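Below is one structure, written out as structure tokens; the observations come after it.
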Protein chains: 2
Amino acid sequence: MTDLAAAVRAGDRRALARAITIVESTRADHRDEAAALIEAVLPHTGNARRIGVSGVPGSGKSTLIEALGLHAVGAEHRVAVLAVDPSSTRSGGSILGDKTRMADLGRHPAAFIRPSPSSGTLGGVARRTREAMLLCEAAGFDLVIIETVGVGQSEVAVADLVDLFLLIASPAGGDELQGIKRGIMELADVIVVNKADGDLEAAAGRAASELRHAVHLLRPKRPGAEVCVLTASALTGAGVPELWSAIEAAHRALGASLDELRAQQSVAWMWSEVTDTLLDRLRADPQVRDELRDLERRVAEGTLPPATAAHRVLDTFLDGS
Amino acid sequence: MTDLAAAVRAGDRRALARAITIVESTRADHRDEAAALIEAVLPHTGNARRIGVSGVPGSGKSTLIEALGLHAVGAEHRVAVLAVDPSSTRSGGSILGDKTRMADLGRHPAAFIRPSPSSGTLGGVARRTREAMLLCEAAGFDLVIIETVGVGQSEVAVADLVDLFLLIASPAGGDELQGIKRGIMELADVIVVNKADGDLEAAAGRAASELRHAVHLLRPKRPGAEVCVLTASALTGAGVPELWSAIEAAHRALGASLDELRAQQSVAWMWSEVTDTLLDRLRADPQVRDELRDLERRVAEGTLPPATAAHRVLDTFLDGS
């Protein structure tokens, strides 16, 4: 395992891919390997900008992420793109399953693209994405983009992993028409209206004005923080350098609060890991499993109080362990 | 304990108050008593309409709840008002700490008002409120109003306890100006603009129109469900009978889905009880407590991976139990 950690640190891409496969595995022996691996690389992590990205359906999210990634590699950055897609846990597919969606970026020697882990709960997927992010940082990637597709919960989960959140909007009018939930708007540090080209350029400018107005009505994410709203075109490349500058500026503006933010994220992570693992072990307990079906049925029927059922489950679990 | 349950069922108000005190207690021996009490009354619960109520600051929430409660007791209903106020867990106060805020309703023989449990986490407060609700139902109250004051989370917690959610707005313009979070709007089944009297009557009508427009842009809470928006005045009583009719109609419209909703709420409740109790026991474990301070510090510093810290906590907890 020290060999694999050393190979990851040396920037060996195949080692990185293998290491991510280990942290994504749900096999119990792999979990131990993963923990040792993360412990070995941890001192060499934390040096990347961590950016979450979400997009309105139809906003051309992956083409804009690719354009942004290509701009960043052009500026001597090393870019990793990871995905969190809870919907893929149901369909079995994955938003980045075929790397063809970001073919140019995927071929670049300074970029690394990894599809979403294909099974598990959102909490599990987010945990594995966090560990994959740490491995990418240890391998020398200094920009980690975590792409999310989702209906709100996955954005919140990703916001807990990253330093900044970028929201990609479309030239359709207003936040109402774009179907952007206010909770998602409140997560954003930077908003970009994509497709600002050709016929849609004027509409993109109007959408940006409306979004600027909308974010002014929201509570700022941090005291004094300003949300930057701009337009760009993944097709022509217009606005992409400005988008990169805006992300850099927003990251610089975090200043000393970045360390604090990451410390809070780590402690929160520890607690969600405690909770998830406890519940995983509880559900996996054979005696608990036997009992649960009957208890859930009786609780649903209203013949057993939820608290009584919960205490029976806990007694079975804790006495048996 | 059977005596107390029997006295609650007979509608003895002092017995009901004592029973609620027992379910609100965090003492371990009281938890066992509370579980036995709830188990004893459970077959006699479920016959009330369960209504969550939240209000914009300045909307005159408690006076309107009182007016609605007095209307309902006038229509031969028996009304219990419970409160969930997570802010009182910090300040030590409680929104209904002095019953004087609903003095007329509080004096009525067919009404029962109970202030918020004064300590604990939101999850704990909500759990105790749920048990208090069941006790009120066993005591023959057929309308249980759960009042919440909060910034979003408490409304979501209360929505998981009740059949319907009523939002009280003020005559100020629009949802933006009222500061209503979209997440709260999405919980509402009925919205009422209070203070539709005197100078403010026209403004209340305009606010209702704007809110009607705003809710049309939201996804319906249930397929085909329509949010009813009306105006009322706690001062003059205008619109209060219509508000009560709207609540009755919305409850009738739930039809067969009410049983399903309550079954889901009960199973979800069992799982949150399992999670909360597991974490309570973990935090109370003396060995875990000794270890936690050091682990949290090292996780925050970034010298120990969160997952590793979590597994150490779990090993200490599960081996020691």
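Naming works like this for the structure tokens: A, B, ... for the chains as they're shown, residue 1 at the start of each chain, ligands 1 onward in shown order.
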
Identify every residue of chain A that has at least one atom within 8 Å of any atom of chain B, counting only C-alpha atoms, and report the result as a CSV table (one decimal) with N, CA and C atoms, in the first residue's frame.
chain,number,residue,atom,x,y,z
A,35,ALA,N,-8.5,3.3,3.9
A,35,ALA,CA,-8.2,4.1,5.0
A,35,ALA,C,-6.6,4.3,5.2
A,38,ILE,N,-5.5,6.7,2.3
A,38,ILE,CA,-5.8,8.1,2.6
A,38,ILE,C,-4.9,8.6,3.7
A,39,GLU,N,-4.7,7.8,4.7
A,39,GLU,CA,-3.8,8.2,5.8
A,39,GLU,C,-2.4,8.5,5.3
A,42,LEU,N,-2.6,11.8,3.1
A,42,LEU,CA,-3.2,13.0,3.7
A,42,LEU,C,-2.2,14.2,3.9
A,43,PRO,N,-1.0,14.0,4.3
A,43,PRO,CA,-0.1,15.1,4.5
A,43,PRO,C,0.2,15.9,3.2
A,176,GLU,N,-36.6,31.9,-11.9
A,176,GLU,CA,-37.9,31.1,-11.9
A,176,GLU,C,-37.9,30.2,-13.2
A,181,LYS,N,-33.5,26.2,-8.0
A,181,LYS,CA,-34.0,26.3,-6.6
A,181,LYS,C,-33.2,27.4,-5.8
A,182,ARG,N,-33.9,28.1,-5.0
A,182,ARG,CA,-33.2,29.1,-4.2
A,182,ARG,C,-32.1,28.5,-3.4
A,183,GLY,N,-32.3,27.4,-2.8
A,183,GLY,CA,-31.3,26.7,-2.0
A,183,GLY,C,-30.0,26.5,-2.8
A,217,LEU,N,-31.0,39.6,-3.7
A,217,LEU,CA,-32.1,39.5,-2.7
A,217,LEU,C,-31.8,38.4,-1.7
A,262,ARG,N,-12.2,24.5,5.8
A,262,ARG,CA,-11.8,23.1,5.6
A,262,ARG,C,-11.8,22.3,6.9
A,263,ALA,N,-11.4,23.0,8.0
A,263,ALA,CA,-11.4,22.3,9.3
A,263,ALA,C,-12.8,21.9,9.7
A,264,GLN,N,-13.8,22.8,9.4
A,264,GLN,CA,-15.2,22.5,9.7
A,264,GLN,C,-15.7,21.3,8.9
A,266,SER,N,-13.9,19.0,7.6
A,266,SER,CA,-13.3,17.7,8.0
A,266,SER,C,-14.0,17.1,9.3
A,267,VAL,N,-14.3,18.0,10.2
A,267,VAL,CA,-15.0,17.5,11.4
A,267,VAL,C,-16.4,17.0,11.1
A,269,TRP,N,-17.3,15.9,8.4
A,269,TRP,CA,-17.1,14.6,7.6
A,269,TRP,C,-16.9,13.5,8.6
A,270,MET,N,-16.2,13.7,9.6
A,270,MET,CA,-15.9,12.6,10.6
A,270,MET,C,-17.3,12.2,11.2
A,271,TRP,N,-18.1,13.1,11.5
A,271,TRP,CA,-19.4,12.8,12.1
A,271,TRP,C,-20.4,12.1,11.1
A,273,GLU,N,-19.4,10.2,8.7
A,273,GLU,CA,-18.8,8.9,8.6
A,273,GLU,C,-19.2,8.0,9.8
A,274,VAL,N,-19.1,8.6,10.9
A,274,VAL,CA,-19.6,7.9,12.1
A,274,VAL,C,-21.0,7.4,12.0
A,275,THR,N,-21.9,8.3,11.6
A,275,THR,CA,-23.3,8.0,11.5
A,275,THR,C,-23.6,7.0,10.4
A,278,LEU,N,-22.1,3.5,11.4
A,278,LEU,CA,-22.9,2.9,12.4
A,278,LEU,C,-24.2,2.3,11.8
A,279,LEU,N,-24.9,3.1,10.9
A,279,LEU,CA,-26.1,2.6,10.3
A,279,LEU,C,-25.9,1.5,9.3
A,296,GLU,N,-40.8,-2.8,10.9
A,296,GLU,CA,-41.2,-1.7,10.0
A,296,GLU,C,-42.6,-1.9,9.6
A,299,VAL,N,-44.8,-0.8,12.6
A,299,VAL,CA,-44.7,0.7,12.7
A,299,VAL,C,-45.6,1.4,11.6
A,300,ALA,N,-45.5,0.9,10.4
A,300,ALA,CA,-46.3,1.5,9.3
A,300,ALA,C,-47.8,1.3,9.6
A,301,GLU,N,-48.2,0.1,10.2
A,301,GLU,CA,-49.6,-0.1,10.5
A,301,GLU,C,-50.1,0.7,11.6
A,302,GLY,N,-49.1,1.2,12.4
A,302,GLY,CA,-49.5,2.0,13.6
A,302,GLY,C,-49.7,1.2,14.8
A,303,THR,N,-49.3,-0.1,14.8
A,303,THR,CA,-49.5,-1.0,16.0
A,303,THR,C,-48.3,-1.0,16.9
A,304,LEU,N,-47.2,-0.4,16.5
A,304,LEU,CA,-46.0,-0.3,17.3
A,304,LEU,C,-45.4,1.1,17.3
A,305,PRO,N,-45.2,1.7,18.4
A,305,PRO,CA,-44.6,3.1,18.4
A,305,PRO,C,-43.2,3.1,17.8
A,306,PRO,N,-42.9,4.0,16.9
A,306,PRO,CA,-41.6,4.1,16.3
A,306,PRO,C,-40.5,4.0,17.3
A,307,ALA,N,-40.6,4.7,18.5
A,307,ALA,CA,-39.5,4.8,19.4
A,307,ALA,C,-39.3,3.4,20.0
A,308,THR,N,-40.4,2.6,20.3
A,308,THR,CA,-40.3,1.3,20.8
A,308,THR,C,-39.5,0.4,19.8
A,309,ALA,N,-40.0,0.5,18.5
A,309,ALA,CA,-39.3,-0.3,17.5
A,309,ALA,C,-37.8,0.0,17.4
A,310,ALA,N,-37.5,1.3,17.5
A,310,ALA,CA,-36.1,1.8,17.4
A,310,ALA,C,-35.3,1.2,18.6
A,311,HIS,N,-35.9,1.2,19.8
A,311,HIS,CA,-35.1,0.7,20.9
A,311,HIS,C,-34.9,-0.8,20.8
A,313,VAL,N,-34.5,-2.5,17.9
A,313,VAL,CA,-33.5,-2.6,17.0
A,313,VAL,C,-32.1,-2.3,17.6
A,314,LEU,N,-32.1,-1.3,18.4
A,314,LEU,CA,-30.8,-0.9,19.1
A,314,LEU,C,-30.3,-1.9,20.1
A,318,LEU,N,-26.8,-3.6,19.7
A,318,LEU,CA,-25.7,-3.3,20.6
A,318,LEU,C,-25.4,-4.5,21.5
A,319,ASP,N,-26.4,-5.3,21.8
A,319,ASP,CA,-26.1,-6.5,22.6
A,319,ASP,C,-25.4,-7.6,21.8
A,321,SER,N,-23.3,-7.1,19.3
A,321,SER,CA,-22.0,-6.7,18.7
A,321,SER,C,-20.9,-7.0,19.6

Expected answer as a PyMOL selection string: alpha helix (DSSP H) residues in stretch 28-218 of chain A: chain A and resi 28-41+61-74+88-91+103-107+122-138+153-159+174-178+182-187+201-216

Hey, could you make a per-residue contact list for stretch 235-290 of chain A against stretch 54-65 of chain A with 9 Å as the cut-off, showing the nearest pair of atoms and its distance in Å to one decimal, counting only C-alpha atoms, sorted by chain and number, as a Markdown table?
| residue | atom | partner | partner_atom | distance |
| --- | --- | --- | --- | --- |
| A:Leu235 | CA | A:Thr63 | CA | 8.0 |
| A:Gly237 | CA | A:Leu64 | CA | 8.9 |
| A:Val240 | CA | A:Leu64 | CA | 8.3 |

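In this structure, atom CA of A:Val156 sits 13.0 Å away from atom CA of A:Val125.
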
key: Between atom CA of B:Thr231 and atom CA of B:Glu186 - distance in Å to one decimal   =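 Atom-to-atom, atom CA of B:Glu186 and atom CA of B:Thr231 are spaced 18.9 Å apart.
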
With distances taken over only C-alpha atoms, the candidate from A:Arg206, A:His44, A:His30, A:Arg252 nearest A:Ala10 is A:His44

A:Ala132 proximity check over A:Arg283, A:Arg49, A:Arg14, A:Arg114, using only C-alpha atoms: winner is A:Arg114

In stretch 55-285 of chain A, what's strand (DSSP E or B) per DSSP? Answer as a PyMOL selection string? chain A and resi 55+79-84+111-114+143-148+164-169+190-193+228-231

*asked:* For a test of reading the model, state the distance in Å between atom CA of A:Leu254 and atom CA of A:Arg128, rounded to one decimal.
replied: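 According to the coordinates, atom CA of A:Leu254 and atom CA of A:Arg128 are separated by 25.6 Å.
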
Closest of B:Leu143, B:Ala204, B:Ala225, B:Val8 to B:Arg78, counting only C-alpha atoms, is B:Leu143

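Residues in contact range of B:Asp12, defined as at most 12 Å between only C-alpha atoms, with sequence neighbours fewer than 2 positions away removed, read Asp3, Leu4, Ala5, Ala6, Ala7, Val8, Arg9, Ala10, Arg14, Ala15, Leu16, Ala17, Arg18, Ala19, Pro109, Ala110, Phe112, Leu135, Cys136, Ala138, Ala139, Gly140 and Phe141 of chain B.
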
- Task: Identify which of the residues B:Val192, B:Ile51, B:Val229, B:Ala67 lies closest to B:Asp160, counting only C-alpha atoms when measuring atom-to-atom distances.
- Result: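 When distances to B:Asp160 are compared using only C-alpha atoms, the smallest one comes from B:Ile51.
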